[in-house]
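One structure is given here, and the rest of the page talks about it.
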Amino acid sequence: MLAADRIIAIAIIAMSLYFMTHAATLPIGWSGETGGPGAGAFPFWLSLVMALSALGILARSFMKEPTHGRFFHDRAVRPVVAVTLALFCAIALMPLVGAYVALVLFMLWYLRIFGGHGWVLTSILTIATPVFLFFFFEVTLKILLPKGWTEPFFIPLYSKFF
């Protein structure tokens, strides 16, 4: 398991550094012209946080004693594959039904069916997350996410916020 931690941590650090170098070609600080962060700010700083987190995992892997020589636990493979397939399905649905509906379907599956959480928590998170993301991306940052066939339902919201 420690070998897997190390390999994945190194891969994430490399990927983060790659993202950071490309994001740094854009302004990463506060832009006085637009009154907001530069175009590379979010990718750069999120990649930095991801690299630091992976560095912590890598450091922790050298502090632990190995418990066995197996690469992965047999129990861990099935859930990882299930979540990966569900994410691919959600991403494939985005152009058709839109990002918000795909997110709701994924979260409903992940929280209720896969995670076994109660309906109260599942309902709150499944409704609150897309609403938060709508206001964060579309209203605050003016970044439109794909809507698919749900686009007509957003026209009244656009008239209120734009």
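Going by the structure tokens order, chains are called A, B, ..., each with residues numbered from 1, while ligands are numbered from 1 in the order shown.
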>> Quick one: residues within 12 Å of stretch 154-160 of chain A, only C-alpha atoms, excluding same-chain residues fewer than 6 positions away - as a VMD selection string?
In response: chain A and resid 98 100 131 134 to 135 138 to 139 142 144 to 148
> Which residue out of A:Ala76, A:Cys89, A:Thr140, A:Ile127 has the minimum interatomic distance to A:Phe161 when only C-alpha atoms are used?
Replying inline: A:Thr140
> Hey, what's within 12 Å of stretch 120-126 of chain A if we count only C-alpha atoms and toss same-chain stuff fewer than 2 positions away? As a ChimeraX atom specification, please?
Replying inline: /A:100-118,128-133
> Excluding same-chain residues fewer than 2 positions from A:Leu55, what lies within 12 Å of it counting only C-alpha atoms, as a ChimeraX atom specification?
Replying inline: /A:5-14,16-17,48-53,57-62
Could you take the residues named above and write them with C-alpha atoms, as a PDB file, in the first residue's frame?
```pdb
ATOM      1  CA  ASP A   5       0.724   5.923  -1.993  1.00  0.00           C
ATOM      2  CA  ARG A   6       4.158   6.962  -3.186  1.00  0.00           C
ATOM      3  CA  ILE A   7       3.505   6.344  -6.871  1.00  0.00           C
ATOM      4  CA  ILE A   8       0.185   8.187  -6.854  1.00  0.00           C
ATOM      5  CA  ALA A   9       1.569  11.066  -4.742  1.00  0.00           C
ATOM      6  CA  ILE A  10       4.495  11.533  -7.148  1.00  0.00           C
ATOM      7  CA  ALA A  11       2.119  11.426 -10.126  1.00  0.00           C
ATOM      8  CA  ILE A  12      -0.149  14.039  -8.521  1.00  0.00           C
ATOM      9  CA  ILE A  13       2.819  16.280  -7.710  1.00  0.00           C
ATOM     10  CA  ALA A  14       4.047  16.023 -11.316  1.00  0.00           C
ATOM     11  CA  SER A  16       0.182  19.703 -10.300  1.00  0.00           C
ATOM     12  CA  LEU A  17       3.499  21.180 -11.372  1.00  0.00           C
ATOM     13  CA  LEU A  48      -0.440  24.324  -5.544  1.00  0.00           C
ATOM     14  CA  VAL A  49      -2.786  23.056  -2.816  1.00  0.00           C
ATOM     15  CA  MET A  50      -3.046  19.721  -4.634  1.00  0.00           C
ATOM     16  CA  ALA A  51       0.770  19.471  -4.862  1.00  0.00           C
ATOM     17  CA  LEU A  52       1.219  20.303  -1.185  1.00  0.00           C
ATOM     18  CA  SER A  53      -1.397  17.715  -0.198  1.00  0.00           C
ATOM     19  CA  ILE A  57       0.950  12.019   1.549  1.00  0.00           C
ATOM     20  CA  LEU A  58       4.401  11.242   0.162  1.00  0.00           C
ATOM     21  CA  ALA A  59       6.112  12.349   3.387  1.00  0.00           C
ATOM     22  CA  ARG A  60       3.664  10.328   5.491  1.00  0.00           C
ATOM     23  CA  SER A  61       4.332   7.228   3.396  1.00  0.00           C
ATOM     24  CA  PHE A  62       8.005   7.332   4.385  1.00  0.00           C
TER      25      PHE A  62
END
```
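Between A:Ala99 and the candidates A:Phe19, A:Trp119, A:Trp149, A:Phe136, the tightest atom-to-atom separation, counting only C-alpha atoms, involves A:Trp149.
Between atom CA of A:Ser47 and atom CA of A:Leu85 the separation is 24.2 Å.
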